[in-house]
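Enquirer: One structure coming up, written as structure tokens, with questions to follow.
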Amino acid sequence: LITGAITALLTIKAQSGGSSKSSSSREFKNFQMTFLICYYLAMLADWLQGPYVYALYSSYGFSKHDIAVLFVGGFGASMVFGTFAGAAADKLGRKRLCQAYCILYILSCGTKHAKDYWMLMVGRITGGIATSLLFSSFESWMVCEHNARGHAASDMGATFSLMYFGNSLCAICAGMMAEAAADLKKLTPVSEGSIWHYGGYCSPFDLSATVLVFALAFITMFWSENYGSKEQSSTGCDQCDVVGKQISKDSRIGMVGLIVSLFEGSMYIFVFNWTPSIKSKDPPYGTIFAIFMIACMGGSSLFAILIKNHTPESMLRFVFLVAGIALGSITFVSDPAMVLAAFLVFEAAVGIYFPAVGSVKSQVVPEESRATIYNLFRVPLNAIVLGVLLNNLDTTTAFTICGCMLIAAAAFQQLLNTMMGRPSAGREMLATGDDKDSLMAKDSDAEP
């Protein structure tokens, strides 16, 4: 109740202080809504699958080790193939790769009906590639389209805030929808001895595939295509070589990638370890997850308030410190209520982090290689996740590592803030719209 009340107040405050400038224009609102509907459908489809992946594999009778290998296959595919998928998005078009996300994830959902290990592994691999596209191509399309249509750079923060506020709502709705679907009918083989099944834990994946069909249709009908640099060499290796040169010329890009990997790596470690950390009799995990998402929504609303007076990069420094203290404190407390409170603080930090880091990436990452670089950011992230899965860390060690990673992220963010505050030709090149006008105005004011 307390978490919900705080989130409601933050949301009301964020909406009541809205600006009446360009962000209220009909053209911008239409663009924003066109993007958000498709993004919410894509995220809803992803959330519908999450709670029942492990449960489905277990119901098919696979061992914990076999299931872990399946998960490794998914994260490994995301790490290896995601880089090339990003290059393809920049070269072939972000809209096409968002459509490919829908198709690949529909295929992944279809494999869940088979009680066959290697069929399920194929599904994990296609799902891993799809996940890389979800977390790079959609955002890349939005940033490019926003700038191409000439919308104010300041309005992008509002879109990022709504993305992750709505994402938390999608997660809550998906949890209820998936549970209702799974309870409709028990898991049943199509015929005696058949590897194919329906009902039970397959149902949430069917529901996800249905949502993906709608997402695919809306993207196809309402989105225009945009690209990175079509003049670049067509091979993935050459594209990565171009990206390497861009990173060597602008060290801020690599710094952002390091920060993203540290924070989101700690977030995945949290996902794997929060359940065993709540040591009470029969804890209501579904309710706890819903509270987490409400706290995350509160963080997104708080970002919408703070962005009016603070830059995203200045927020992130404190977000990382607070998140590091919250997860690091888990090693020193055992009371379930205190542990839950620390987790809620971390989830609120997650709610601020995603719109804030999205704004920072939109400033730093060059448009012509945006999807490729976003996927490269996920390579060390997936390596961290694989390390956690393969080493079976106890919760104390895991959260100690999280705390250290987050404090390190805060230190690197401070360094990035210094780098972003230093005027340079690169910074002027990356500025667009109102930002570029502001930079030129500052330069003219400085002239004698």
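Please note that chains go A, B, ... in the order of the structure tokens, that every chain numbers its residues from 1, and that ligands are numbered from 1 in the order shown.
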Please provide the set of residues having any atom within 9 Å of Val339 in chain A, restricted to only C-alpha atoms, with same-chain residues fewer than 2 positions apart removed, written as a ChimeraX atom specification.
Expert: /A:277-278,326-327,329-330,333-337,341-344
Enquirer: Please provide as JSON, numbers by chain all residues within 8 Å of Ile172 in chain A, with the sequence filter that same-chain residues fewer than 4 positions apart are discarded (counting only C-alpha atoms).
Expert: {"A": [168, 176, 290, 293]}
Enquirer: Can you pull out every residue within 12 Å of Phe346 in chain A, counting only C-alpha atoms, but drop anything in the same chain fewer than 4 positions away, and send it as a ChimeraX atom specification?
Expert: /A:263-264,266-267,270-271,274,292-293,295-296,298-299,319-330,339-342,350-353,399,402-403,406
Enquirer: Need the shell around Val256 in chain A: protein/DNA/RNA residues with any atom at most 9 Å away, counting only C-alpha atoms. Skip same-chain ones fewer than 3 positions apart. Format as a PyMOL selection string?
Expert: chain A and resi 251-253+259-261+357+360-361+364-365+377+412-413+416
Enquirer: Go ahead and dump the residues you just picked, N, CA and C atoms, as a PDB file, in the first residue's frame.
Expert:
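Full text of selection11.pdb as output:
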```pdb
ATOM      1  N   SER A 251      35.589   8.295 -26.684  1.00  0.00           N
ATOM      2  CA  SER A 251      35.683   7.361 -25.549  1.00  0.00           C
ATOM      3  C   SER A 251      34.418   7.344 -24.703  1.00  0.00           C
ATOM      4  N   ARG A 252      33.536   8.331 -24.900  1.00  0.00           N
ATOM      5  CA  ARG A 252      32.280   8.342 -24.141  1.00  0.00           C
ATOM      6  C   ARG A 252      31.405   7.139 -24.491  1.00  0.00           C
ATOM      7  N   ILE A 253      31.486   6.688 -25.741  1.00  0.00           N
ATOM      8  CA  ILE A 253      30.656   5.547 -26.162  1.00  0.00           C
ATOM      9  C   ILE A 253      31.030   4.304 -25.363  1.00  0.00           C
ATOM     10  N   ILE A 259      29.152   1.297 -18.280  1.00  0.00           N
ATOM     11  CA  ILE A 259      28.160   1.629 -17.248  1.00  0.00           C
ATOM     12  C   ILE A 259      26.902   0.779 -17.414  1.00  0.00           C
ATOM     13  N   VAL A 260      26.429   0.656 -18.663  1.00  0.00           N
ATOM     14  CA  VAL A 260      25.238  -0.160 -18.945  1.00  0.00           C
ATOM     15  C   VAL A 260      25.467  -1.612 -18.508  1.00  0.00           C
ATOM     16  N   SER A 261      26.619  -2.168 -18.832  1.00  0.00           N
ATOM     17  CA  SER A 261      26.912  -3.559 -18.485  1.00  0.00           C
ATOM     18  C   SER A 261      26.963  -3.761 -16.982  1.00  0.00           C
ATOM     19  N   VAL A 357      19.248   6.547 -18.790  1.00  0.00           N
ATOM     20  CA  VAL A 357      20.332   6.031 -19.636  1.00  0.00           C
ATOM     21  C   VAL A 357      19.921   6.045 -21.109  1.00  0.00           C
ATOM     22  N   VAL A 360      20.816   9.463 -22.258  1.00  0.00           N
ATOM     23  CA  VAL A 360      22.272   9.606 -22.396  1.00  0.00           C
ATOM     24  C   VAL A 360      22.753   8.906 -23.665  1.00  0.00           C
ATOM     25  N   LYS A 361      22.267   7.697 -23.912  1.00  0.00           N
ATOM     26  CA  LYS A 361      22.671   6.966 -25.117  1.00  0.00           C
ATOM     27  C   LYS A 361      22.246   7.712 -26.373  1.00  0.00           C
ATOM     28  N   VAL A 364      24.982  10.300 -26.986  1.00  0.00           N
ATOM     29  CA  VAL A 364      26.368   9.876 -27.169  1.00  0.00           C
ATOM     30  C   VAL A 364      26.562   8.988 -28.390  1.00  0.00           C
ATOM     31  N   VAL A 365      25.611   8.066 -28.637  1.00  0.00           N
ATOM     32  CA  VAL A 365      25.802   7.054 -29.679  1.00  0.00           C
ATOM     33  C   VAL A 365      25.491   7.636 -31.053  1.00  0.00           C
ATOM     34  N   PHE A 377      26.751  -3.182 -26.442  1.00  0.00           N
ATOM     35  CA  PHE A 377      26.640  -2.933 -25.007  1.00  0.00           C
ATOM     36  C   PHE A 377      26.160  -4.185 -24.260  1.00  0.00           C
ATOM     37  N   PHE A 412      32.339   5.503 -12.652  1.00  0.00           N
ATOM     38  CA  PHE A 412      32.480   5.695 -14.100  1.00  0.00           C
ATOM     39  C   PHE A 412      31.492   6.740 -14.618  1.00  0.00           C
ATOM     40  N   GLN A 413      30.314   6.810 -13.991  1.00  0.00           N
ATOM     41  CA  GLN A 413      29.342   7.826 -14.402  1.00  0.00           C
ATOM     42  C   GLN A 413      29.860   9.226 -14.103  1.00  0.00           C
ATOM     43  N   LEU A 416      32.171   9.989 -16.811  1.00  0.00           N
ATOM     44  CA  LEU A 416      31.427  10.291 -18.031  1.00  0.00           C
ATOM     45  C   LEU A 416      30.831  11.690 -17.980  1.00  0.00           C
TER      46      LEU A 416
END
```
Enquirer: So which residues touch Asn273 in chain A within 8 Å, counting only C-alpha atoms, skipping near sequence neighbours fewer than 4 positions away, as a list of chain:residue names?
Expert: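 The contact residues come out as A:Ile269, A:Ser277, A:Thr395, A:Ala398.
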Enquirer: Applying 12 Å and only C-alpha atoms, which residues near Val69 in chain A remain after dropping the ones on its own chain fewer than 4 positions away? List them as a short mmCIF file (atom, residue, chain, number, x, y, z; two decimals) with N, CA and C atoms, in the first residue's frame.
Expert:
```cif
data_model
loop_
_atom_site.label_atom_id
_atom_site.label_comp_id
_atom_site.auth_asym_id
_atom_site.auth_seq_id
_atom_site.Cartn_x
_atom_site.Cartn_y
_atom_site.Cartn_z
N TYR A 54 10.83 -21.45 -17.00
CA TYR A 54 11.41 -22.50 -16.14
C TYR A 54 10.35 -23.54 -15.78
N TYR A 57 9.69 -25.98 -18.70
CA TYR A 57 10.76 -26.95 -18.86
C TYR A 57 10.72 -28.00 -17.76
N PHE A 62 12.58 -32.08 -17.41
CA PHE A 62 14.01 -31.84 -17.56
C PHE A 62 14.64 -31.48 -16.21
N SER A 63 15.90 -31.87 -16.03
CA SER A 63 16.60 -31.62 -14.78
C SER A 63 16.99 -30.16 -14.67
N LYS A 64 17.38 -29.76 -13.45
CA LYS A 64 17.82 -28.38 -13.22
C LYS A 64 19.03 -28.05 -14.09
N HIS A 65 19.94 -29.01 -14.24
CA HIS A 65 21.13 -28.79 -15.07
C HIS A 65 20.74 -28.60 -16.54
N GLY A 73 22.00 -21.31 -23.44
CA GLY A 73 21.85 -21.24 -24.89
C GLY A 73 21.19 -19.95 -25.33
N GLY A 74 20.16 -19.52 -24.59
CA GLY A 74 19.47 -18.27 -24.93
C GLY A 74 20.35 -17.05 -24.75
N PHE A 75 21.01 -16.95 -23.60
CA PHE A 75 21.87 -15.80 -23.35
C PHE A 75 23.09 -15.82 -24.27
N GLY A 76 23.61 -17.01 -24.54
CA GLY A 76 24.75 -17.12 -25.45
C GLY A 76 24.39 -16.67 -26.85
N TYR A 117 14.14 -31.74 -26.23
CA TYR A 117 15.18 -30.86 -25.72
C TYR A 117 15.76 -29.98 -26.82
N TRP A 118 16.08 -30.55 -27.97
CA TRP A 118 16.74 -29.79 -29.02
C TRP A 118 15.79 -28.84 -29.72
N LEU A 120 13.44 -27.32 -28.05
CA LEU A 120 13.40 -26.23 -27.08
C LEU A 120 14.67 -25.38 -27.15
N MET A 121 15.81 -26.01 -27.44
CA MET A 121 17.05 -25.25 -27.58
C MET A 121 16.97 -24.31 -28.78
N ARG A 124 15.11 -21.42 -27.63
CA ARG A 124 15.91 -20.53 -26.79
C ARG A 124 16.84 -19.66 -27.64
N ILE A 125 17.40 -20.24 -28.68
CA ILE A 125 18.32 -19.47 -29.55
C ILE A 125 17.56 -18.38 -30.31
N LEU A 386 25.98 -15.08 -18.03
CA LEU A 386 26.47 -16.45 -18.21
C LEU A 386 27.38 -16.86 -17.05
N LEU A 389 25.16 -17.76 -14.12
CA LEU A 389 24.46 -19.03 -14.32
C LEU A 389 25.39 -20.23 -14.15
N LEU A 390 26.61 -20.08 -14.63
CA LEU A 390 27.54 -21.22 -14.65
C LEU A 390 28.25 -21.43 -13.32
#
```
